[in-house]
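Source file: structure-v2.txt. Holds: compact mmCIF, C-alpha atoms.
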# COMPACT_ATOMS: atom_id res chain seq x y z
CA MET I 21 107.89 35.61 -2.62
CA SER I 22 104.27 35.43 -1.62
CA GLY I 23 101.53 37.33 -3.36
CA THR I 24 99.41 40.23 -2.13
CA ARG I 25 96.20 38.64 -0.92
CA SER I 26 93.35 40.19 0.95
CA ALA I 27 90.93 37.26 0.97
CA ALA I 28 91.16 34.58 3.67
CA ALA I 29 88.64 32.02 2.35
CA SER I 30 89.54 29.69 -0.51
CA ARG I 31 88.08 27.02 -2.78
CA GLU I 32 89.70 24.15 -4.61
CA LEU I 33 89.80 24.88 -8.35
CA THR I 34 91.57 23.58 -11.42
CA LEU I 35 94.10 25.88 -13.05
CA LEU I 36 91.61 26.53 -15.86
CA GLN I 37 88.79 27.40 -13.44
CA ALA I 38 91.11 29.84 -11.67
CA ILE I 39 91.83 31.60 -14.97
CA THR I 40 88.13 31.91 -15.74
CA GLU I 41 87.48 33.31 -12.28
CA ALA I 42 90.25 35.88 -12.70
CA MET I 43 88.74 37.17 -15.94
CA ALA I 44 85.28 37.33 -14.38
CA ILE I 45 86.61 39.39 -11.48
CA ALA I 46 88.51 41.70 -13.82
CA LEU I 47 85.42 42.24 -15.98
CA GLU I 48 83.29 42.88 -12.92
CA ARG I 49 85.70 45.32 -11.28
CA ASP I 50 86.53 47.47 -14.29
CA PRO I 51 84.14 48.34 -17.16
CA LYS I 52 87.17 49.08 -19.34
CA VAL I 53 88.24 45.41 -19.29
CA LEU I 54 87.35 43.50 -22.47
CA VAL I 55 87.97 39.90 -23.56
CA LEU I 56 88.53 39.17 -27.24
CA GLY I 57 89.64 36.23 -29.34
CA GLU I 58 88.54 33.38 -31.57
CA ASP I 59 85.46 31.59 -30.17
CA VAL I 60 85.84 33.19 -26.73
CA GLY I 61 82.17 34.24 -26.67
CA ARG I 62 79.44 31.80 -27.53
CA ASN I 63 81.74 28.75 -27.43
CA GLY I 64 83.68 29.82 -24.34
CA GLY I 65 87.11 29.41 -25.94
CA VAL I 66 88.95 26.40 -27.29
CA PHE I 67 89.65 25.13 -23.75
CA ARG I 68 86.52 26.76 -22.24
CA ALA I 69 88.58 29.32 -20.34
CA THR I 70 86.00 32.01 -21.14
CA ASP I 71 82.97 29.79 -20.66
CA GLY I 72 79.95 31.79 -19.51
CA LEU I 73 81.62 35.20 -19.65
CA GLN I 74 79.76 36.46 -22.73
CA ALA I 75 76.39 35.42 -21.27
CA ARG I 76 77.27 37.29 -18.09
CA PHE I 77 78.94 40.42 -19.45
CA GLY I 78 77.55 40.72 -22.98
CA GLU I 79 78.81 40.60 -26.55
CA GLU I 80 80.35 44.08 -26.37
CA ARG I 81 82.76 43.05 -23.60
CA VAL I 82 83.45 39.42 -24.54
CA VAL I 83 84.03 39.61 -28.26
CA ASP I 84 84.33 36.85 -30.85
CA THR I 85 86.90 37.81 -33.47
CA PRO I 86 87.85 36.53 -36.92
CA LEU I 87 90.59 33.92 -37.19
CA ALA I 88 93.41 36.48 -37.44
CA GLU I 89 95.96 36.56 -34.62
CA SER I 90 97.67 39.72 -35.87
CA GLY I 91 94.27 41.43 -35.99
CA ILE I 92 93.35 40.27 -32.48
CA VAL I 93 96.52 41.64 -30.90
CA GLY I 94 96.50 44.75 -33.11
CA ALA I 95 92.92 45.53 -32.11
CA ALA I 96 93.83 45.00 -28.47
CA ILE I 97 96.71 47.46 -28.76
CA GLY I 98 94.41 50.05 -30.35
CA LEU I 99 91.81 49.57 -27.63
CA ALA I 100 94.47 49.91 -24.95
CA THR I 101 95.71 53.24 -26.32
CA TYR I 102 92.15 54.56 -25.95
CA GLY I 103 91.89 53.58 -22.30
CA PHE I 104 90.54 50.03 -22.42
CA ARG I 105 92.11 47.03 -20.68
CA PRO I 106 91.85 44.24 -23.26
CA ILE I 107 92.56 40.58 -22.51
CA ALA I 108 93.30 38.90 -25.85
CA GLU I 109 93.29 35.10 -26.21
CA ILE I 110 95.49 33.29 -28.73
CA GLN I 111 94.21 29.71 -29.04
CA PHE I 112 97.69 28.10 -28.96
CA MET I 113 101.15 29.65 -28.60
CA GLY I 114 102.12 28.13 -31.95
CA PHE I 115 99.62 30.52 -33.52
CA LEU I 116 101.31 33.56 -31.95
CA TYR I 117 103.86 34.09 -34.71
CA PRO I 118 101.62 36.22 -37.00
CA ALA I 119 100.98 38.48 -34.00
CA LEU I 120 104.63 38.86 -32.98
CA ASP I 121 104.95 41.85 -35.31
CA GLN I 122 102.20 43.62 -33.36
CA LEU I 123 103.81 42.74 -30.03
CA ILE I 124 107.42 43.47 -30.97
CA SER I 125 106.97 46.42 -33.34
CA HIS I 126 104.15 48.20 -31.50
CA ALA I 127 103.01 46.98 -28.06
CA SER I 128 106.49 46.65 -26.59
CA ARG I 129 107.72 50.08 -27.65
CA LEU I 130 104.62 52.30 -27.62
CA ARG I 131 105.56 53.94 -24.32
CA ALA I 132 109.13 54.65 -25.47
CA ARG I 133 108.06 55.70 -28.97
CA SER I 134 105.54 58.23 -27.62
CA ARG I 135 107.88 59.39 -24.83
CA GLY I 136 105.37 58.32 -22.22
CA ARG I 137 102.24 59.85 -23.79
CA TYR I 138 100.74 56.45 -24.64
CA ALA I 139 101.03 52.95 -23.30
CA ALA I 140 99.65 49.54 -24.25
CA PRO I 141 98.21 47.86 -21.14
CA VAL I 142 97.36 44.70 -23.07
CA VAL I 143 97.18 41.16 -21.69
CA VAL I 144 97.69 38.34 -24.17
CA ARG I 145 96.86 34.87 -22.84
CA MET I 146 97.70 31.63 -24.57
CA PRO I 147 98.07 27.92 -23.78
CA TYR I 148 101.52 26.54 -24.50
CA GLY I 149 103.59 23.37 -24.34
CA GLY I 150 103.20 19.68 -25.00
CA GLY I 151 101.76 16.74 -23.19
CA VAL I 152 98.24 16.60 -24.64
CA ARG I 153 98.96 14.79 -27.93
CA ALA I 154 98.12 17.85 -30.07
CA PRO I 155 98.99 18.27 -33.78
CA GLU I 156 101.67 20.51 -35.28
CA LEU I 157 101.93 24.10 -33.98
CA HIS I 158 99.76 23.27 -30.94
CA SER I 159 102.61 22.43 -28.53
CA GLU I 160 105.09 25.29 -28.90
CA SER I 161 107.06 26.82 -26.02
CA ALA I 162 108.12 30.11 -27.56
CA GLU I 163 108.94 32.02 -24.38
CA ALA I 164 112.38 33.02 -25.68
CA HIS I 165 110.82 35.04 -28.52
CA VAL I 166 108.80 37.06 -26.02
CA ALA I 167 111.29 37.35 -23.17
CA HIS I 168 113.96 38.69 -25.55
CA THR I 169 111.79 41.72 -26.41
CA PRO I 170 112.28 44.72 -24.10
CA GLY I 171 108.94 46.22 -23.10
CA LEU I 172 107.08 42.93 -22.77
CA LYS I 173 106.50 41.16 -19.47
CA LEU I 174 106.01 37.40 -19.43
CA VAL I 175 104.52 35.19 -16.70
CA VAL I 176 103.84 31.45 -16.48
CA PRO I 177 101.69 30.02 -13.66
CA SER I 178 101.96 26.44 -12.46
CA THR I 179 99.29 26.48 -9.74
CA PRO I 180 95.65 27.59 -9.74
CA ALA I 181 96.36 30.26 -7.10
CA ASP I 182 99.16 31.75 -9.20
CA ALA I 183 97.08 31.47 -12.40
CA LYS I 184 94.45 33.72 -10.87
CA GLY I 185 96.84 36.07 -9.07
CA LEU I 186 99.21 36.53 -11.98
CA LEU I 187 96.40 37.16 -14.47
CA LEU I 188 94.82 39.79 -12.22
CA ALA I 189 98.24 41.39 -11.75
CA ALA I 190 98.72 41.39 -15.53
CA VAL I 191 95.41 43.18 -16.06
CA GLU I 192 96.52 45.94 -13.68
CA GLU I 193 99.95 46.40 -15.28
CA PRO I 194 100.48 49.67 -17.20
CA ASP I 195 102.34 47.87 -20.01
CA PRO I 196 101.83 44.68 -22.07
CA VAL I 197 101.98 41.30 -20.32
CA ILE I 198 102.02 37.89 -21.98
CA VAL I 199 100.53 35.05 -19.93
CA MET I 200 101.65 31.57 -20.95
CA GLU I 201 99.26 28.94 -19.62
CA PRO I 202 100.53 25.32 -19.43
CA MET I 203 97.67 23.47 -21.10
CA ARG I 204 98.93 20.16 -19.71
CA LEU I 205 98.06 21.50 -16.25
CA TYR I 206 94.71 23.09 -17.17
CA ARG I 207 92.64 20.28 -15.69
CA SER I 208 95.28 17.99 -14.19
CA VAL I 209 96.24 20.34 -11.35
CA ARG I 210 93.89 21.41 -8.57
CA GLY I 211 94.62 23.65 -5.63
CA HIS I 212 93.17 26.08 -3.11
CA VAL I 213 92.51 29.49 -4.59
CA PRO I 214 91.73 32.51 -2.40
CA GLU I 215 88.28 33.99 -2.91
CA GLY I 216 87.86 37.43 -4.39
CA HIS I 217 90.46 39.77 -5.81
CA TYR I 218 94.18 39.43 -5.12
CA THR I 219 97.35 39.72 -7.15
CA THR I 220 100.55 37.70 -7.36
CA PRO I 221 103.47 40.09 -7.92
CA ILE I 222 105.12 39.84 -11.33
CA GLY I 223 108.87 39.34 -11.08
CA GLN I 224 108.94 37.16 -7.97
CA ALA I 225 109.83 33.46 -7.97
CA ARG I 226 108.14 30.87 -5.73
CA VAL I 227 110.00 28.31 -3.62
CA VAL I 228 108.20 25.02 -4.16
CA ARG I 229 110.58 22.87 -2.10
CA GLU I 230 113.49 23.69 0.18
CA GLY I 231 116.82 21.87 -0.18
CA ASP I 232 120.56 22.27 0.39
CA ASP I 233 122.37 19.93 -2.05
CA ALA I 234 121.12 21.34 -5.40
CA VAL I 235 118.39 23.54 -6.87
CA VAL I 236 116.17 23.07 -9.92
CA PHE I 237 114.91 26.27 -11.57
CA CYS I 238 111.81 25.64 -13.69
CA TRP I 239 108.41 27.06 -14.67
CA GLY I 240 104.97 26.07 -15.89
CA ALA I 241 104.46 22.42 -16.77
CA MET I 242 108.05 21.57 -15.75
CA VAL I 243 107.31 22.21 -12.07
CA PRO I 244 105.59 18.84 -11.36
CA PRO I 245 108.36 16.69 -12.95
CA ALA I 246 111.03 18.83 -11.25
CA LEU I 247 109.35 18.22 -7.91
CA GLN I 248 109.13 14.50 -8.66
CA ALA I 249 112.83 14.46 -9.59
CA ALA I 250 113.71 16.15 -6.30
CA ARG I 251 111.80 13.42 -4.45
CA LEU I 252 113.65 10.75 -6.44
CA ALA I 253 116.97 12.33 -5.43
CA GLN I 254 115.85 12.18 -1.80
CA GLU I 255 114.67 8.55 -2.02
CA ARG I 256 117.54 7.13 -4.08
CA ASP I 257 120.53 9.17 -2.92
CA GLY I 258 119.48 10.93 0.26
CA ARG I 259 119.96 14.31 -1.43
CA SER I 260 118.05 17.42 -0.39
CA VAL I 261 117.08 19.28 -3.57
CA ALA I 262 115.28 22.62 -3.79
CA VAL I 263 112.78 23.44 -6.52
CA VAL I 264 112.16 27.08 -7.45
CA ASP I 265 109.30 28.00 -9.78
CA LEU I 266 110.46 31.16 -11.56
CA ARG I 267 106.83 31.90 -12.74
CA SER I 268 107.98 35.28 -14.12
CA LEU I 269 110.32 35.00 -17.11
CA ALA I 270 110.44 38.71 -17.91
CA PRO I 271 111.53 40.10 -15.60
CA LEU I 272 113.42 37.23 -14.00
CA ASP I 273 113.78 37.16 -10.23
CA ARG I 274 117.56 37.59 -10.21
CA ALA I 275 117.67 37.85 -6.42
CA ALA I 276 116.00 34.44 -5.95
CA ILE I 277 118.16 32.82 -8.62
CA GLY I 278 121.31 34.17 -7.01
CA GLU I 279 120.22 33.26 -3.50
CA TRP I 280 119.44 29.63 -4.32
CA ALA I 281 122.51 29.19 -6.50
CA ARG I 282 124.70 30.48 -3.67
CA ARG I 283 122.89 28.38 -1.06
CA THR I 284 123.25 25.07 -2.93
CA GLY I 285 126.22 25.61 -5.27
CA ARG I 286 124.72 23.16 -7.75
CA VAL I 287 122.12 24.20 -10.34
CA VAL I 288 119.81 22.51 -12.85
CA VAL I 289 117.46 24.43 -15.17
CA ALA I 290 114.54 22.57 -16.76
CA HIS I 291 112.32 23.77 -19.60
CA GLU I 292 110.55 22.12 -22.51
CA ALA I 293 111.58 24.60 -25.21
CA PRO I 294 114.64 23.76 -27.35
CA LEU I 295 118.11 24.08 -25.82
CA THR I 296 119.89 26.64 -27.99
CA ALA I 297 119.21 30.25 -26.96
CA GLY I 298 116.44 29.05 -24.68
CA LEU I 299 115.58 30.76 -21.38
CA GLY I 300 117.74 28.21 -19.59
CA ALA I 301 120.81 29.89 -21.04
CA GLU I 302 119.69 33.23 -19.59
CA VAL I 303 119.07 31.67 -16.18
CA VAL I 304 122.54 30.13 -16.22
CA ALA I 305 123.99 33.53 -17.15
CA VAL I 306 122.26 35.03 -14.12
CA VAL I 307 123.63 32.21 -11.95
CA ASN I 308 127.14 33.00 -13.17
CA GLU I 309 126.72 36.73 -12.57
CA GLU I 310 125.16 36.37 -9.12
CA ALA I 311 126.82 33.26 -7.69
CA PHE I 312 129.85 32.22 -9.75
CA TRP I 313 132.25 31.95 -6.79
CA TYR I 314 129.78 29.76 -4.88
CA LEU I 315 129.32 27.12 -7.61
CA GLU I 316 130.53 23.59 -6.93
CA ALA I 317 129.73 22.29 -10.43
CA PRO I 318 128.85 23.64 -13.89
CA PRO I 319 125.09 24.36 -14.12
CA ALA I 320 123.12 21.83 -16.19
CA ARG I 321 120.16 22.31 -18.52
CA VAL I 322 117.40 19.76 -19.20
CA THR I 323 115.40 20.88 -22.24
CA GLY I 324 113.68 19.84 -25.40
CA PRO I 325 116.03 19.09 -28.32
CA ASP I 326 116.86 21.59 -31.08
CA ALA I 327 114.10 20.26 -33.30
CA PRO I 328 110.52 21.21 -34.17
CA PHE I 329 108.04 19.79 -31.68
CA PRO I 330 107.25 16.28 -32.99
CA TYR I 331 104.00 14.56 -33.73
CA PHE I 332 102.34 12.90 -30.76
CA SER I 333 104.00 9.49 -31.14
CA LEU I 334 107.36 11.07 -30.19
CA GLU I 335 106.05 13.57 -27.68
CA ASP I 336 107.20 11.64 -24.59
CA TRP I 337 110.68 11.34 -26.08
CA TYR I 338 110.84 15.10 -26.70
CA LEU I 339 109.62 16.42 -23.36
CA PRO I 340 111.88 16.48 -20.30
CA ASP I 341 110.54 14.18 -17.57
CA ALA I 342 111.33 13.49 -13.94
CA GLU I 343 113.92 10.81 -14.76
CA ARG I 344 115.92 13.14 -17.04
CA ILE I 345 115.83 15.91 -14.47
CA TYR I 346 116.87 13.44 -11.75
CA ARG I 347 119.88 12.34 -13.83
CA ALA I 348 120.94 15.98 -14.24
CA ILE I 349 120.64 16.50 -10.49
CA ALA I 350 122.75 13.39 -9.88
CA ASP I 351 125.40 14.65 -12.33
CA VAL I 352 125.76 18.12 -10.77
CA VAL I 353 125.83 16.64 -7.27
CA ARG I 354 128.54 14.13 -8.21
CA ALA I 355 130.64 16.71 -10.05
CA VAL I 356 133.77 17.92 -8.22
How would this structure read if it were set down as structure tokens?
Amino acid sequence: MSGTRSAAASRELTLLQAITEAMAIALERDPKVLVLGEDVGRNGGVFRATDGLQARFGEERVVDTPLAESGIVGAAIGLATYGFRPIAEIQFMGFLYPALDQLISHASRLRARSRGRYAAPVVVRMPYGGGVRAPELHSESAEAHVAHTPGLKLVVPSTPADAKGLLLAAVEEPDPVIVMEPMRLYRSVRGHVPEGHYTTPIGQARVVREGDDAVVFCWGAMVPPALQAARLAQERDGRSVAVVDLRSLAPLDRAAIGEWARRTGRVVVAHEAPLTAGLGAEVVAVVNEEAFWYLEAPPARVTGPDAPFPYFSLEDWYLPDAERIYRAIADVVRAV
């Protein structure tokens, strides 16, 4: 489950700094790589993910666009069909919906529609999720919309090293990849990031913590509270709980899900999107298909409620936290 890395040296970076470094490397390595989006040039992006890139690579490769998400993704698809490698930024995942038509109706099916003559090697990056007290439509976790569409790949980093490696892998993919970036972790998480170019394989989960009594499957901003919940289970109940960061939601790492479900027999899935038809349901389906006869208890899901993401005063109530995940772990461990 480790990535393909050629560089030995590393530096400590935030998750956001790792993303910026990945784009700089991609722009430097390939003249066909472009960055486009609202305010990505002179202002360096809403979270400063593209800070300094226009000054370094010029206005023709780091392009400020109008406020039009459908136009940004549509332009990126057109550029990709003519041989470019565009990296499009959507300022928040809640603004993605106008561009879903471009992704679902065109990017995802261009290879099949043209019988292999054309492809859409587009990368679409966007911050997602709650935890920063943002207004309406700034805290969405819409991964289910994307993961349900054949032809789109979807990755979610939770560490700076994966943020850089997954983004560079996405740029090199022959088909469209959506990169969801947990904005709550942009500056709150630091970690060692290998120098230079490397890629983290898409489709492979990462074992964050080993354990034998239960496993928590999670991704993105849910990884830190899942890890904290596993520690609580160890301290309070003496339970050994594994945490597996799926980090690739399309495709899912079915082998890792099956392996850890069989090894522990007790499964919790944590995500901050609503419960109904969320990715947790798909993960549980994979658990049932790969490990049903090994299960000691029904799998549990810890998610956001089936409600629009609330205003900031209710944000802590909405988001799953370590205590809720711990209670789910305790329930599946106690179950006969």
Using all atoms listed in the file, determine which residues lie at most 8 Å from Gly150 (chain I), disregarding the query and same-chain residues fewer than 5 positions distant; provide the list as number ranges by chain.
-> I: 158-160, 203-204, 335, 339
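You will find CA of Glu193 (chain I) at 11.7 Å from CA of Ala100 (chain I).
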Write out as a list in words each polymer residue whose atoms come within 8 Å of region 33-49 of chain I, counting all atoms listed in the file; drop sequence neighbours fewer than 3 positions from it.
-> Lys52, Val53, Leu54, Ala69, Thr70, Asp71, Leu73, Phe77, Ser178, Thr179, Pro180, Ala181, Ala183, Lys184, Gly185, Leu187, Leu188, Val191, Leu205, Tyr206, Arg207, Ser208, Val209, Arg210, Gly211, His212, Val213, Gly216 and His217 of chain I
Keeping only C-alpha atoms, write the selected residues to a file as a tab-separated table (two decimals), keeping the file's coordinate frame.
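Listed below is the output, selection30.tsv:
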chain	number	residue	atom	x	y	z
I	52	LYS	CA	87.17	49.08	-19.34
I	53	VAL	CA	88.24	45.41	-19.29
I	54	LEU	CA	87.35	43.50	-22.47
I	69	ALA	CA	88.58	29.32	-20.34
I	70	THR	CA	86.00	32.01	-21.14
I	71	ASP	CA	82.97	29.79	-20.66
I	73	LEU	CA	81.62	35.20	-19.65
I	77	PHE	CA	78.94	40.42	-19.45
I	178	SER	CA	101.96	26.44	-12.46
I	179	THR	CA	99.29	26.48	-9.74
I	180	PRO	CA	95.65	27.59	-9.74
I	181	ALA	CA	96.36	30.26	-7.10
I	183	ALA	CA	97.08	31.47	-12.40
I	184	LYS	CA	94.45	33.72	-10.87
I	185	GLY	CA	96.84	36.07	-9.07
I	187	LEU	CA	96.40	37.16	-14.47
I	188	LEU	CA	94.82	39.79	-12.22
I	191	VAL	CA	95.41	43.18	-16.06
I	205	LEU	CA	98.06	21.50	-16.25
I	206	TYR	CA	94.71	23.09	-17.17
I	207	ARG	CA	92.64	20.28	-15.69
I	208	SER	CA	95.28	17.99	-14.19
I	209	VAL	CA	96.24	20.34	-11.35
I	210	ARG	CA	93.89	21.41	-8.57
I	211	GLY	CA	94.62	23.65	-5.63
I	212	HIS	CA	93.17	26.08	-3.11
I	213	VAL	CA	92.51	29.49	-4.59
I	216	GLY	CA	87.86	37.43	-4.39
I	217	HIS	CA	90.46	39.77	-5.81
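Near Ala327 (chain I), within 12 Å and counting all atoms listed in the file, sit I:Glu160, I:Glu292, I:Ala293, I:Pro294, I:Leu295, I:Thr296, I:Thr323, I:Tyr331, I:Leu334, I:Glu335, I:Trp337, I:Tyr338, I:Leu339, not including residues fewer than 4 positions from it in the same chain.
Shortest separation to Asp273 (chain I) among I:Val306, I:Val353, I:Ala290, I:Leu99 occurs at residue I:Val306, atoms counted being all atoms listed in the file.
Coordinates place CA of Glu201 (chain I) at a distance of 14.0 Å from CA of Phe115 (chain I).
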Near-region 251-254 of chain I list (8 Å; all atoms listed in the file; drop same-chain fewer than 6 positions) as a PyMOL selection string = chain I and resi 260-261+346+349-350
Those same residues, written as an mmCIF file, in the frame of the given file with C-alpha atoms?
data_model
loop_
_atom_site.group_PDB
_atom_site.id
_atom_site.type_symbol
_atom_site.label_atom_id
_atom_site.label_comp_id
_atom_site.auth_asym_id
_atom_site.auth_seq_id
_atom_site.Cartn_x
_atom_site.Cartn_y
_atom_site.Cartn_z
ATOM 1 C CA SER I 260 118.050 17.420 -0.390
ATOM 2 C CA VAL I 261 117.080 19.280 -3.570
ATOM 3 C CA TYR I 346 116.870 13.440 -11.750
ATOM 4 C CA ILE I 349 120.640 16.500 -10.490
ATOM 5 C CA ALA I 350 122.750 13.390 -9.880
#
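For the residues I:Arg321, I:His165, I:Arg31, I:Arg229, ranking by smallest atom-to-atom distance to Ile198 (chain I) using only C-alpha atoms places I:His165 first.
Comparing I:Gly285, I:Pro330, I:Gly258, I:Pro155 by their smallest distance to Val235 (chain I), the closest is I:Gly285 (using only C-alpha atoms).
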